[in-house]
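Peer 1: Below you'll find protein.cif; it's mmCIF, C-alpha atoms and all ligand atoms.
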```
data_protein
loop_
_atom_site.label_atom_id
_atom_site.label_comp_id
_atom_site.auth_asym_id
_atom_site.auth_seq_id
_atom_site.Cartn_x
_atom_site.Cartn_y
_atom_site.Cartn_z
CA MET A 1 -8.74 -133.23 -3.38
CA PRO A 2 -5.72 -134.95 -4.90
CA PHE A 3 -4.46 -137.92 -2.92
CA SER A 4 -1.48 -139.67 -4.52
CA ILE A 5 0.28 -142.77 -3.35
CA VAL A 6 4.00 -143.34 -3.98
CA CYS A 7 4.90 -147.02 -3.68
CA GLY A 8 7.74 -149.37 -4.58
CA GLY A 9 7.60 -151.67 -7.59
CA PHE A 10 10.40 -154.19 -7.05
CA TRP A 11 12.11 -155.32 -3.80
CA GLY A 12 12.52 -151.87 -2.22
CA ASP A 13 15.27 -149.30 -2.64
CA GLU A 14 13.88 -148.05 -5.95
CA GLY A 15 14.39 -144.45 -4.85
CA LYS A 16 11.05 -143.60 -3.27
CA GLY A 17 12.80 -141.08 -1.00
CA LYS A 18 14.20 -139.21 -3.97
CA ILE A 19 10.83 -139.07 -5.79
CA LEU A 20 9.02 -137.95 -2.63
CA SER A 21 11.56 -135.24 -1.92
CA TYR A 22 11.07 -133.89 -5.45
CA LEU A 23 7.25 -133.97 -5.14
CA ALA A 24 7.49 -132.22 -1.76
CA ILE A 25 9.23 -129.28 -3.40
CA SER A 26 7.48 -129.20 -6.80
CA ASP A 27 3.88 -129.88 -5.68
CA ASP A 28 4.05 -128.23 -2.25
CA PRO A 29 1.43 -130.61 -0.77
CA ALA A 30 -0.23 -129.81 2.58
CA MET A 31 0.71 -133.17 4.04
CA ILE A 32 2.90 -136.24 3.51
CA ALA A 33 1.78 -139.39 5.29
CA ARG A 34 4.20 -142.25 5.90
CA ALA A 35 2.77 -145.74 5.43
CA GLY A 36 4.49 -149.15 5.14
CA VAL A 37 5.99 -151.50 7.69
CA GLY A 38 8.24 -149.35 9.90
CA PRO A 39 11.93 -148.58 10.50
CA ASN A 40 13.08 -151.56 8.40
CA ALA A 41 12.93 -149.03 5.54
CA GLY A 42 15.72 -146.64 4.64
CA HIS A 43 14.78 -143.69 2.45
CA THR A 44 17.69 -141.67 1.08
CA ILE A 45 17.14 -137.98 0.41
CA GLU A 46 19.69 -135.60 -1.03
CA PHE A 47 18.89 -131.91 -0.98
CA GLU A 48 21.04 -128.77 -1.21
CA GLY A 49 24.21 -130.84 -0.96
CA LYS A 50 23.16 -132.74 2.19
CA GLU A 51 22.28 -136.43 2.38
CA TYR A 52 19.73 -137.88 4.83
CA LYS A 53 18.90 -141.55 5.42
CA LEU A 54 15.52 -141.73 7.11
CA ARG A 55 13.68 -144.73 8.51
CA LEU A 56 10.50 -143.08 9.86
CA VAL A 57 10.22 -139.33 9.25
CA PRO A 58 8.56 -138.78 5.83
CA SER A 59 10.99 -137.96 3.01
CA GLY A 60 9.21 -134.71 2.13
CA PHE A 61 10.47 -133.02 5.32
CA ILE A 62 12.79 -130.86 3.18
CA ASN A 63 9.82 -128.58 2.47
CA PRO A 64 9.31 -126.82 5.84
CA LYS A 65 5.64 -126.03 5.15
CA ILE A 66 4.52 -129.65 4.98
CA ARG A 67 2.68 -131.39 7.83
CA LEU A 68 4.26 -134.85 8.31
CA VAL A 69 2.30 -137.77 9.73
CA ILE A 70 2.89 -141.48 10.37
CA GLY A 71 -0.09 -143.84 10.00
CA ALA A 72 -1.64 -146.36 12.40
CA GLY A 73 -0.34 -149.30 10.38
CA VAL A 74 3.31 -148.22 10.73
CA LEU A 75 5.59 -149.50 13.49
CA ILE A 76 7.53 -146.90 15.49
CA ASN A 77 10.87 -147.37 17.19
CA PRO A 78 10.74 -144.30 19.49
CA GLN A 79 14.55 -144.04 19.69
CA VAL A 80 14.88 -143.99 15.89
CA LEU A 81 12.06 -141.45 15.62
CA PHE A 82 13.48 -139.06 18.24
CA LYS A 83 16.90 -139.10 16.56
CA GLU A 84 15.36 -138.33 13.17
CA LEU A 85 13.23 -135.52 14.66
CA GLU A 86 16.51 -133.89 15.79
CA VAL A 87 18.30 -134.40 12.47
CA THR A 88 15.37 -133.12 10.39
CA LYS A 89 14.27 -130.45 12.91
CA THR A 90 10.61 -131.45 12.48
CA LYS A 91 9.35 -131.71 16.09
CA ASP A 92 6.80 -128.95 15.55
CA ARG A 93 5.13 -130.51 12.51
CA LEU A 94 5.24 -134.28 12.93
CA GLY A 95 2.24 -136.34 14.02
CA VAL A 96 2.10 -140.02 14.99
CA ASP A 97 -1.19 -141.90 14.93
CA PHE A 98 -2.48 -142.94 18.39
CA GLN A 99 -2.60 -146.52 17.16
CA SER A 100 0.85 -146.88 15.54
CA GLY A 101 2.56 -149.96 16.97
CA ILE A 102 5.68 -149.75 19.16
CA ILE A 103 8.87 -151.75 18.62
CA GLU A 104 10.50 -152.71 21.91
CA PRO A 105 14.05 -154.02 22.57
CA ASN A 106 12.87 -157.65 22.76
CA HIS A 107 11.49 -157.41 19.20
CA ILE A 108 14.89 -156.25 17.93
CA GLU A 109 16.62 -158.97 19.93
CA ILE A 110 14.48 -161.70 18.33
CA ASP A 111 14.68 -160.19 14.83
CA SER A 112 18.46 -159.94 14.87
CA THR A 113 19.21 -163.39 16.35
CA ASP A 114 16.39 -165.74 15.26
CA THR A 115 17.76 -168.34 12.84
CA HIS A 116 14.63 -168.26 10.69
CA LEU A 117 14.13 -164.46 10.51
CA LYS A 118 17.73 -163.33 10.46
CA GLY A 119 19.36 -166.48 9.09
CA LYS A 120 16.93 -167.74 6.46
CA ILE A 121 14.85 -164.69 5.49
CA GLY A 122 17.61 -162.13 5.93
CA SER A 123 15.47 -159.64 7.88
CA THR A 124 16.79 -156.16 8.53
CA GLY A 125 16.90 -156.96 12.25
CA SER A 126 14.88 -153.84 13.08
CA GLY A 127 12.24 -155.69 15.11
CA CYS A 128 9.36 -155.24 12.67
CA GLY A 129 8.41 -158.89 12.13
CA PRO A 130 8.29 -159.79 15.86
CA ALA A 131 6.40 -156.53 16.64
CA ASN A 132 3.80 -157.28 13.97
CA MET A 133 3.55 -160.78 15.42
CA ASP A 134 2.68 -159.27 18.83
CA ARG A 135 0.20 -156.98 17.12
CA VAL A 136 -1.58 -159.96 15.59
CA LEU A 137 -1.61 -161.54 19.06
CA ARG A 138 -3.06 -158.23 20.31
CA LYS A 139 -0.41 -157.64 22.93
CA LEU A 140 1.70 -154.97 21.20
CA LYS A 141 2.01 -151.55 22.85
CA LEU A 142 0.67 -148.67 20.76
CA ALA A 143 1.89 -145.09 20.48
CA ARG A 144 -0.87 -143.95 22.87
CA ASP A 145 0.78 -146.05 25.64
CA ILE A 146 4.11 -144.18 25.45
CA PRO A 147 4.25 -140.86 27.47
CA GLU A 148 7.22 -139.52 25.42
CA LEU A 149 5.11 -139.70 22.27
CA LYS A 150 2.20 -137.71 23.75
CA PRO A 151 3.13 -134.37 22.10
CA TYR A 152 2.97 -136.01 18.66
CA LEU A 153 -0.19 -138.11 18.95
CA THR A 154 -2.93 -137.52 16.41
CA ASP A 155 -5.63 -139.28 14.38
CA VAL A 156 -4.01 -139.54 10.95
CA SER A 157 -7.17 -140.77 9.23
CA VAL A 158 -9.10 -137.69 10.43
CA GLU A 159 -6.25 -135.31 9.54
CA ILE A 160 -6.05 -136.64 5.99
CA ASP A 161 -9.82 -136.62 5.54
CA ASP A 162 -10.04 -133.00 6.75
CA ALA A 163 -7.21 -131.94 4.43
CA LEU A 164 -8.81 -133.62 1.40
CA ASN A 165 -12.22 -132.11 2.22
CA GLU A 166 -10.58 -128.69 2.29
CA GLY A 167 -9.23 -129.35 -1.22
CA LYS A 168 -5.62 -129.74 -0.06
CA GLN A 169 -3.11 -132.14 -1.60
CA VAL A 170 -1.90 -135.13 0.41
CA ILE A 171 0.82 -137.60 -0.64
CA ALA A 172 1.13 -141.08 0.85
CA GLU A 173 4.68 -142.38 1.25
CA GLY A 174 4.87 -146.16 0.98
CA SER A 175 7.87 -148.14 2.14
CA GLN A 176 9.34 -151.50 1.06
CA ALA A 177 7.81 -152.62 -2.24
CA ILE A 178 5.31 -154.97 -3.80
CA LEU A 179 7.64 -157.98 -4.26
CA LEU A 180 8.26 -157.87 -0.49
CA SER A 181 4.51 -158.05 0.22
CA LEU A 182 3.52 -160.78 2.69
CA PHE A 183 0.58 -161.64 0.40
CA HIS A 184 1.80 -160.97 -3.15
CA GLY A 185 5.60 -161.10 -2.91
CA SER A 186 8.19 -163.87 -3.11
CA TYR A 187 7.07 -165.66 0.08
CA PRO A 188 8.69 -166.56 2.48
CA TYR A 189 11.40 -164.04 1.50
CA VAL A 190 9.17 -161.06 2.19
CA THR A 191 8.43 -158.51 4.91
CA SER A 192 5.89 -158.90 7.70
CA LYS A 193 2.77 -157.45 6.04
CA ASP A 194 1.22 -156.39 2.75
CA VAL A 195 2.80 -153.24 1.28
CA SER A 196 0.66 -152.67 -1.85
CA ALA A 197 -1.05 -149.35 -2.63
CA ALA A 198 -4.20 -150.84 -1.06
CA ALA A 199 -2.25 -151.63 2.12
CA ILE A 200 -0.91 -148.07 2.13
CA CYS A 201 -4.53 -146.79 2.22
CA SER A 202 -5.23 -149.16 5.08
CA ASP A 203 -2.09 -148.08 7.00
CA LEU A 204 -3.31 -144.50 6.92
CA GLY A 205 -7.04 -145.02 7.31
CA VAL A 206 -7.98 -143.68 3.88
CA GLY A 207 -10.64 -145.42 1.78
CA PRO A 208 -9.74 -146.56 -1.76
CA THR A 209 -12.28 -144.21 -3.41
CA LYS A 210 -10.15 -141.24 -2.27
CA VAL A 211 -7.08 -142.18 -4.34
CA THR A 212 -6.38 -139.97 -7.37
CA ASP A 213 -3.03 -141.39 -8.47
CA VAL A 214 -0.77 -144.33 -7.75
CA ILE A 215 2.85 -143.64 -8.70
CA VAL A 216 4.83 -146.85 -8.74
CA VAL A 217 8.59 -146.30 -8.45
CA LEU A 218 10.77 -148.55 -10.62
CA LYS A 219 14.55 -148.40 -10.70
CA SER A 220 16.35 -148.68 -14.08
CA PHE A 221 17.84 -151.95 -12.80
CA VAL A 222 16.57 -154.28 -10.08
CA THR A 223 18.19 -154.76 -6.67
CA ARG A 224 17.44 -156.85 -3.65
CA VAL A 225 18.90 -157.22 -0.15
CA GLY A 226 18.34 -160.38 1.87
CA THR A 227 17.55 -163.79 0.41
CA GLY A 228 15.07 -165.02 -2.21
CA GLU A 229 14.71 -165.11 -5.98
CA LEU A 230 16.17 -162.41 -8.23
CA PRO A 231 15.67 -163.25 -11.93
CA GLY A 232 18.72 -162.48 -14.07
CA GLU A 233 20.93 -161.90 -11.02
CA LEU A 234 24.42 -160.67 -11.94
CA SER A 235 27.68 -161.62 -10.29
CA VAL A 236 29.21 -159.13 -7.87
CA ASP A 237 31.94 -158.44 -10.47
CA GLU A 238 29.47 -157.80 -13.28
CA THR A 239 27.37 -155.56 -10.99
CA GLU A 240 30.50 -153.56 -10.19
CA LYS A 241 31.50 -153.36 -13.87
CA ARG A 242 28.10 -151.88 -14.76
CA GLY A 243 28.33 -149.35 -11.94
CA TRP A 244 25.23 -150.78 -10.23
CA THR A 245 26.82 -151.54 -6.84
CA GLU A 246 24.69 -150.29 -3.95
CA TYR A 247 24.59 -150.87 -0.18
CA GLY A 248 21.48 -151.10 2.04
CA ALA A 249 20.59 -147.82 3.78
CA VAL A 250 19.57 -149.58 7.03
CA THR A 251 21.88 -152.61 7.20
CA GLY A 252 24.80 -151.60 4.96
CA ARG A 253 24.50 -154.94 3.14
CA LEU A 254 25.64 -155.19 -0.47
CA ARG A 255 22.55 -155.18 -2.69
CA ARG A 256 22.21 -157.98 -5.23
CA ALA A 257 21.49 -156.65 -8.73
CA ALA A 258 19.84 -157.68 -12.00
CA PRO A 259 18.81 -155.95 -15.23
CA PHE A 260 15.40 -154.22 -15.51
CA ASN A 261 12.64 -156.83 -15.71
CA TYR A 262 9.48 -156.09 -17.74
CA ASP A 263 7.50 -159.03 -16.27
CA LEU A 264 8.12 -157.70 -12.78
CA ALA A 265 7.26 -154.16 -13.91
CA ARG A 266 3.90 -155.38 -15.25
CA LYS A 267 3.24 -157.22 -12.00
CA ALA A 268 4.06 -154.09 -9.98
CA VAL A 269 1.70 -152.01 -12.11
CA ARG A 270 -1.12 -154.56 -11.78
CA LEU A 271 -0.85 -155.21 -8.04
CA ASN A 272 -0.68 -151.51 -7.21
CA GLY A 273 -3.16 -150.27 -9.83
CA ALA A 274 -0.47 -147.82 -10.95
CA THR A 275 -1.54 -144.76 -12.94
CA GLN A 276 2.04 -143.45 -13.38
CA ILE A 277 5.58 -144.82 -13.29
CA ALA A 278 8.50 -142.95 -11.75
CA LEU A 279 11.72 -144.36 -13.23
CA THR A 280 14.82 -143.79 -11.10
CA LYS A 281 18.59 -144.03 -11.58
CA PHE A 282 18.21 -143.43 -15.31
CA ASP A 283 21.59 -141.65 -15.27
CA ILE A 284 23.27 -144.85 -14.04
CA LEU A 285 22.13 -146.63 -17.21
CA TYR A 286 22.65 -143.61 -19.47
CA PRO A 287 25.38 -141.42 -17.95
CA ASP A 288 24.89 -138.63 -20.51
CA THR A 289 21.44 -137.98 -18.99
CA ALA A 290 22.96 -137.04 -15.61
CA LYS A 291 21.15 -134.08 -14.03
CA ALA A 292 18.93 -133.63 -17.12
CA ASN A 293 15.63 -131.83 -16.52
CA ASN A 294 14.30 -131.96 -20.05
CA ILE A 295 13.32 -134.95 -22.18
CA ASP A 296 14.83 -133.27 -25.25
CA GLN A 297 18.29 -133.75 -23.65
CA ILE A 298 17.87 -137.52 -23.99
CA LYS A 299 19.19 -139.59 -26.89
CA LYS A 300 17.22 -142.18 -28.87
CA GLU A 301 18.54 -145.35 -27.16
CA ALA A 302 17.53 -144.03 -23.74
CA LYS A 303 14.14 -142.88 -25.05
CA ASP A 304 13.57 -146.36 -26.52
CA PHE A 305 13.93 -147.83 -23.02
CA ILE A 306 11.17 -145.54 -21.73
CA ASP A 307 8.96 -146.34 -24.74
CA ARG A 308 9.37 -150.06 -24.12
CA ILE A 309 8.43 -149.73 -20.44
CA GLU A 310 5.29 -147.81 -21.46
CA ASP A 311 4.47 -150.38 -24.19
CA GLU A 312 4.87 -153.33 -21.87
CA THR A 313 3.03 -151.89 -18.85
CA LYS A 314 0.49 -149.65 -20.64
CA VAL A 315 1.29 -146.97 -18.07
CA LYS A 316 3.10 -143.68 -18.74
CA VAL A 317 6.50 -142.87 -17.28
CA SER A 318 5.76 -139.51 -15.66
CA LEU A 319 8.98 -138.86 -13.72
CA ILE A 320 12.56 -139.82 -14.64
CA GLY A 321 15.28 -139.60 -11.99
CA THR A 322 18.58 -138.37 -13.44
CA GLY A 323 20.66 -138.05 -10.27
CA PRO A 324 20.52 -138.43 -6.49
CA SER A 325 19.44 -134.89 -5.66
CA ALA A 326 15.72 -134.00 -5.34
CA GLU A 327 15.97 -131.64 -8.31
CA ASP A 328 17.69 -134.12 -10.69
CA ILE A 329 14.52 -135.16 -12.46
CA ILE A 330 12.58 -134.94 -15.72
CA ASP A 331 8.94 -134.20 -14.92
CA LEU A 332 6.61 -135.29 -17.74
CA ARG A 333 3.35 -135.07 -15.80
CA GLU A 334 2.09 -132.18 -17.90
CA ASN A 335 2.12 -134.46 -20.96
CA ILE A 336 -0.12 -137.18 -19.48
P1 LIG B 401 12.13 -157.41 7.52
O1 LIG B 401 11.08 -156.58 6.88
O2 LIG B 401 13.15 -156.62 8.28
O3 LIG B 401 11.55 -158.56 8.31
O4 LIG B 401 12.98 -158.14 6.36
C1 LIG B 401 12.38 -159.11 5.50
C2 LIG B 401 12.94 -158.98 4.08
O5 LIG B 401 12.51 -157.74 3.52
C3 LIG B 401 14.47 -158.97 4.01
O6 LIG B 401 14.86 -159.56 2.79
C4 LIG B 401 14.80 -157.47 3.97
O7 LIG B 401 16.04 -157.23 3.36
C5 LIG B 401 13.64 -156.95 3.14
N1 LIG B 401 13.31 -155.53 3.41
C6 LIG B 401 12.52 -155.04 4.39
N2 LIG B 401 12.43 -153.70 4.29
C7 LIG B 401 13.13 -153.34 3.22
C8 LIG B 401 13.40 -152.09 2.58
O8 LIG B 401 12.94 -151.02 2.99
N3 LIG B 401 14.19 -152.12 1.46
C9 LIG B 401 14.70 -153.29 0.98
N4 LIG B 401 14.48 -154.47 1.54
C10 LIG B 401 13.71 -154.51 2.65
MG MG B 402 15.59 -148.35 1.10
#
```
For the structure just supplied, provide its representation as structure tokens.
Ligand code: IMP
Ligand code: MG

Peer 2:
Amino acid sequence: MPFSIVCGGFWGDEGKGKILSYLAISDDPAMIARAGVGPNAGHTIEFEGKEYKLRLVPSGFINPKIRLVIGAGVLINPQVLFKELEVTKTKDRLGVDFQSGIIEPNHIEIDSTDTHLKGKIGSTGSGCGPANMDRVLRKLKLARDIPELKPYLTDVSVEIDDALNEGKQVIAEGSQAILLSLFHGSYPYVTSKDVSAAAICSDLGVGPTKVTDVIVVLKSFVTRVGTGELPGELSVDETEKRGWTEYGAVTGRLRRAAPFNYDLARKAVRLNGATQIALTKFDILYPDTAKANNIDQIKKEAKDFIDRIEDETKVKVSLIGTGPSAEDIIDLRENI
């Protein structure tokens, strides 16, 4: 009953969507379950020449056989969800937990105008913080209160438990990343709840003894949107020169960038209990690895980088992203 968690290791935008889309095709799991905060996330998926930027529908939708569910801990903006159900054509196979929280217009209004949230913290303005605040106050509406969501309502915890008991594979899709955790991240410049692998279990209603693997996704350089520390931060010019310029998938903001950081990688491995590392955007650092699918295609300098990550974290790099498309990847899982 393999249950793997895919979670972010830095400040988000490591390429979880890309890794999940690859796993959806290669592993053909029975189910992918979205955890994390809510539609403040933007997961980019490229498949068969098409690009999708999703905020709620799980990234593995590209495999039409997979059941897609969203956990009780995740906030839903019904408008965002309905739009994504159209784009991804997944109405017949998506389930939302009865107890997922609902973002309402007033939450978005507060999140996008409040001087503390928007001004100081640099929130995405998607309403997540204020909605989680109402949840803590126990006055937030839940998915079960919204008639339009009725066709999708389910008990995600039960669905996952049944699947695992039948020996099926389930993958948990985390969002955000550990350094944005309300408990373990760079407070106050963090998101509105914990987003560790343990929190992902809690979002879905799965006990920690059920977890087989935790795949922490690390990008070959570090980026961050919004305010807060970023060790080794580069100037906009230097970022551009290195070809590391990126824009936020939800807000379109320019992402701040810094070189790969081994201290942060160790922290990400520890806080998530990672058993594997997925390293993304390797081709940005080493352009001659673009679209490679085999480790033998990689030169010594690039291999040394992987060896050092493994030495410093004591965890194996099992997947290496070599391009934006789901199939641009080196899969080393057989060797570990
Ligand atoms: P909020 O989660 O929208 O309240 O934003 C709080 C902080 O977390 C801001 O710095 C956001 O830029 C950051 N953040 C939240 N979600 C993501 C994400 O999915 N990727 C990157 N940064 C995020
Ligand atoms: Mg993102």

Peer 1: Could you state the separation of CA of Pro188 (chain A) and CA of Lys139 (chain A) in Å, given to one decimal place?

Peer 2: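 Interatomic distance, CA of Pro188 (chain A) to CA of Lys139 (chain A): 24.1 Å.
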
Peer 1: May I ask for the distance between CA of Gly205 (chain A) and CA of Ile70 (chain A), given in Å to one decimal place?

Peer 2: 11.0 Å

Peer 1: Region 112-116 of chain A, all listed atoms, 8 Å padding on each side: what axis-aligned box centre and edge lengths in Å to one decimal come out, as AutoDock Vina command-line options?

Peer 2:
```
--center_x 16.9 --center_y -164.1 --center_z 13.5 --size_x 20.6 --size_y 24.4 --size_z 21.7
```

Peer 1: Pick out the residues sitting within 7 Å of Ser175 (chain A), and hand them over as a ChimeraX atom specification; count all atoms listed in the file, and ignore anything fewer than 4 positions along from it in its own chain.

Peer 2: /A:7-8,35-37,41

Peer 1: For a quick check of understanding, using all atoms listed in the file, which of A:Gln169, A:Ser202, A:Asn272, A:Gln176 has the smallest distance to ligand MG 402 (chain B)?

Peer 2: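 Of A:Gln169, A:Ser202, A:Asn272, A:Gln176, the one nearest ligand MG 402 (chain B) is A:Gln176, counting all atoms listed in the file.
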
Peer 1: Applying 7 Å and all atoms listed in the file, which residues near Met31 (chain A) remain after dropping the ones on its own chain fewer than 4 positions away? List them as a ChimeraX atom specification.

Peer 2: /A:66-68,169-171

Peer 1: Would you write out those residues with C-alpha atoms, as an mmCIF file, in the coordinates of the input?

Peer 2:
```
data_model
loop_
_atom_site.group_PDB
_atom_site.id
_atom_site.type_symbol
_atom_site.label_atom_id
_atom_site.label_comp_id
_atom_site.auth_asym_id
_atom_site.auth_seq_id
_atom_site.Cartn_x
_atom_site.Cartn_y
_atom_site.Cartn_z
ATOM 1 C CA ILE A 66 4.520 -129.650 4.980
ATOM 2 C CA ARG A 67 2.680 -131.390 7.830
ATOM 3 C CA LEU A 68 4.260 -134.850 8.310
ATOM 4 C CA GLN A 169 -3.110 -132.140 -1.600
ATOM 5 C CA VAL A 170 -1.900 -135.130 0.410
ATOM 6 C CA ILE A 171 0.820 -137.600 -0.640
#
```

Peer 1: Around ligand MG 402 (chain B), which protein and nucleic acid residues have at least one atom no more than 8 Å from it, if we count all atoms listed in the file? List them as an mmCIF file with C-alpha atoms, in the coordinates of the input.

Peer 2:
```
data_model
loop_
_atom_site.group_PDB
_atom_site.id
_atom_site.type_symbol
_atom_site.label_atom_id
_atom_site.label_comp_id
_atom_site.auth_asym_id
_atom_site.auth_seq_id
_atom_site.Cartn_x
_atom_site.Cartn_y
_atom_site.Cartn_z
ATOM 1 C CA GLY A 12 12.520 -151.870 -2.220
ATOM 2 C CA ASP A 13 15.270 -149.300 -2.640
ATOM 3 C CA GLU A 14 13.880 -148.050 -5.950
ATOM 4 C CA GLY A 15 14.390 -144.450 -4.850
ATOM 5 C CA LYS A 16 11.050 -143.600 -3.270
ATOM 6 C CA ALA A 41 12.930 -149.030 5.540
ATOM 7 C CA GLY A 42 15.720 -146.640 4.640
ATOM 8 C CA HIS A 43 14.780 -143.690 2.450
ATOM 9 C CA THR A 44 17.690 -141.670 1.080
ATOM 10 C CA SER A 175 7.870 -148.140 2.140
ATOM 11 C CA GLN A 176 9.340 -151.500 1.060
ATOM 12 C CA GLY A 248 21.480 -151.100 2.040
ATOM 13 C CA ALA A 249 20.590 -147.820 3.780
ATOM 14 C CA VAL A 250 19.570 -149.580 7.030
#
```

Peer 1: Any residue with an atom at most 9 Å from ligand LIG 401 (chain B) counts, using all atoms listed in the file. Which are they? Put them as a ChimeraX atom specification.

Peer 2: /A:11-14,36-43,55,111,117-118,121-130,175-177,180-181,188-193,223-228,248-251,253,255

Peer 1: Choose the residue, out of A:Lys150, A:Lys281, A:Lys316, A:Arg34, that has the smallest atom-to-atom separation from Leu332 (chain A); count all atoms listed in the file.

Peer 2: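 Answer, going by the shortest atom-to-atom distance: A:Lys316.
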
Peer 1: What's around Ser21 (chain A) at 7 Å? Count all atoms listed in the file, leave out sequence neighbours fewer than 5 positions away in its own chain, and write the answer as a count of residues only.

Peer 2: 5

Peer 1: Could you please determine the separation between CA of Ile215 (chain A) and CA of Gly323 (chain A) in Å, to one decimal place?

Peer 2: 18.7 Å

Peer 1: For Thr275 (chain A), which residue out of A:Asp213, A:Glu238, A:Asp161, A:Asp304 is the nearest one, using only C-alpha atoms?

Peer 2: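 Nearest candidate to Thr275 (chain A) out of A:Asp213, A:Glu238, A:Asp161, A:Asp304: A:Asp213.
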
Peer 1: Using all atoms listed in the file, which residue out of A:Thr115, A:Glu240, A:Asp203, A:Ala24 lies closest to Gly101 (chain A)?

Peer 2: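 Among A:Thr115, A:Glu240, A:Asp203, A:Ala24, it is A:Asp203 that comes nearest to Gly101 (chain A).
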
Peer 1: Hey, which of A:Asp145, A:Asp114, A:Glu334, A:Glu327 ends up closest to Ile25 (chain A)? Count all atoms listed in the file.

Peer 2: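 That would be A:Glu327, the residue with the smallest distance to Ile25 (chain A).
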
Peer 1: Name all residues at most 12 Å from Pro287 (chain A) (count only C-alpha atoms; drop same-chain ones fewer than 2 positions away) and give them as a PyMOL selection string.

Peer 2: chain A and resi 242-243+281-285+289-292+297-299+302+321-323

Peer 1: What would region 66-77 of chain A look like if you wrote it out as a PDB file, in the first residue's frame, with N, CA, C and O atoms included, from the block I just posted?

Peer 2:
```
ATOM      1  N   ILE A  66      -6.656   8.573 -13.192  1.00  0.00           N
ATOM      2  CA  ILE A  66      -6.448   8.854 -11.770  1.00  0.00           C
ATOM      3  C   ILE A  66      -7.645   9.554 -11.121  1.00  0.00           C
ATOM      4  O   ILE A  66      -8.172  10.528 -11.657  1.00  0.00           O
ATOM      5  N   ARG A  67      -8.048   9.050  -9.957  1.00  0.00           N
ATOM      6  CA  ARG A  67      -9.037   9.727  -9.120  1.00  0.00           C
ATOM      7  C   ARG A  67      -8.332  10.898  -8.419  1.00  0.00           C
ATOM      8  O   ARG A  67      -7.237  10.723  -7.868  1.00  0.00           O
ATOM      9  N   LEU A  68      -8.931  12.085  -8.467  1.00  0.00           N
ATOM     10  CA  LEU A  68      -8.316  13.287  -7.901  1.00  0.00           C
ATOM     11  C   LEU A  68      -9.149  13.758  -6.718  1.00  0.00           C
ATOM     12  O   LEU A  68     -10.367  13.893  -6.847  1.00  0.00           O
ATOM     13  N   VAL A  69      -8.509  13.985  -5.581  1.00  0.00           N
ATOM     14  CA  VAL A  69      -9.271  14.456  -4.417  1.00  0.00           C
ATOM     15  C   VAL A  69      -8.558  15.629  -3.744  1.00  0.00           C
ATOM     16  O   VAL A  69      -7.346  15.783  -3.875  1.00  0.00           O
ATOM     17  N   ILE A  70      -9.341  16.431  -3.036  1.00  0.00           N
ATOM     18  CA  ILE A  70      -8.813  17.587  -2.300  1.00  0.00           C
ATOM     19  C   ILE A  70      -9.194  17.408  -0.824  1.00  0.00           C
ATOM     20  O   ILE A  70     -10.367  17.187  -0.500  1.00  0.00           O
ATOM     21  N   GLY A  71      -8.197  17.496   0.061  1.00  0.00           N
ATOM     22  CA  GLY A  71      -8.388  17.146   1.467  1.00  0.00           C
ATOM     23  C   GLY A  71      -9.119  18.184   2.298  1.00  0.00           C
ATOM     24  O   GLY A  71      -9.278  19.351   1.896  1.00  0.00           O
ATOM     25  N   ALA A  72      -9.523  17.754   3.497  1.00  0.00           N
ATOM     26  CA  ALA A  72     -10.299  18.604   4.416  1.00  0.00           C
ATOM     27  C   ALA A  72      -9.527  19.832   4.880  1.00  0.00           C
ATOM     28  O   ALA A  72     -10.114  20.863   5.199  1.00  0.00           O
ATOM     29  N   GLY A  73      -8.193  19.728   4.896  1.00  0.00           N
ATOM     30  CA  GLY A  73      -7.393  20.856   5.378  1.00  0.00           C
ATOM     31  C   GLY A  73      -7.197  21.938   4.339  1.00  0.00           C
ATOM     32  O   GLY A  73      -6.636  23.005   4.638  1.00  0.00           O
ATOM     33  N   VAL A  74      -7.618  21.675   3.103  1.00  0.00           N
ATOM     34  CA  VAL A  74      -7.346  22.606   1.986  1.00  0.00           C
ATOM     35  C   VAL A  74      -8.512  23.580   1.818  1.00  0.00           C
ATOM     36  O   VAL A  74      -9.676  23.187   1.901  1.00  0.00           O
ATOM     37  N   LEU A  75      -8.187  24.834   1.564  1.00  0.00           N
ATOM     38  CA  LEU A  75      -9.215  25.843   1.309  1.00  0.00           C
ATOM     39  C   LEU A  75      -9.605  25.831  -0.163  1.00  0.00           C
ATOM     40  O   LEU A  75      -8.739  25.740  -1.046  1.00  0.00           O
ATOM     41  N   ILE A  76     -10.915  25.958  -0.414  1.00  0.00           N
ATOM     42  CA  ILE A  76     -11.429  25.954  -1.787  1.00  0.00           C
ATOM     43  C   ILE A  76     -11.994  27.327  -2.117  1.00  0.00           C
ATOM     44  O   ILE A  76     -12.785  27.866  -1.347  1.00  0.00           O
ATOM     45  N   ASN A  77     -11.602  27.865  -3.267  1.00  0.00           N
ATOM     46  CA  ASN A  77     -12.317  28.998  -3.842  1.00  0.00           C
ATOM     47  C   ASN A  77     -13.151  28.383  -4.961  1.00  0.00           C
ATOM     48  O   ASN A  77     -12.610  27.966  -5.990  1.00  0.00           O
TER      49      ASN A  77
END
```
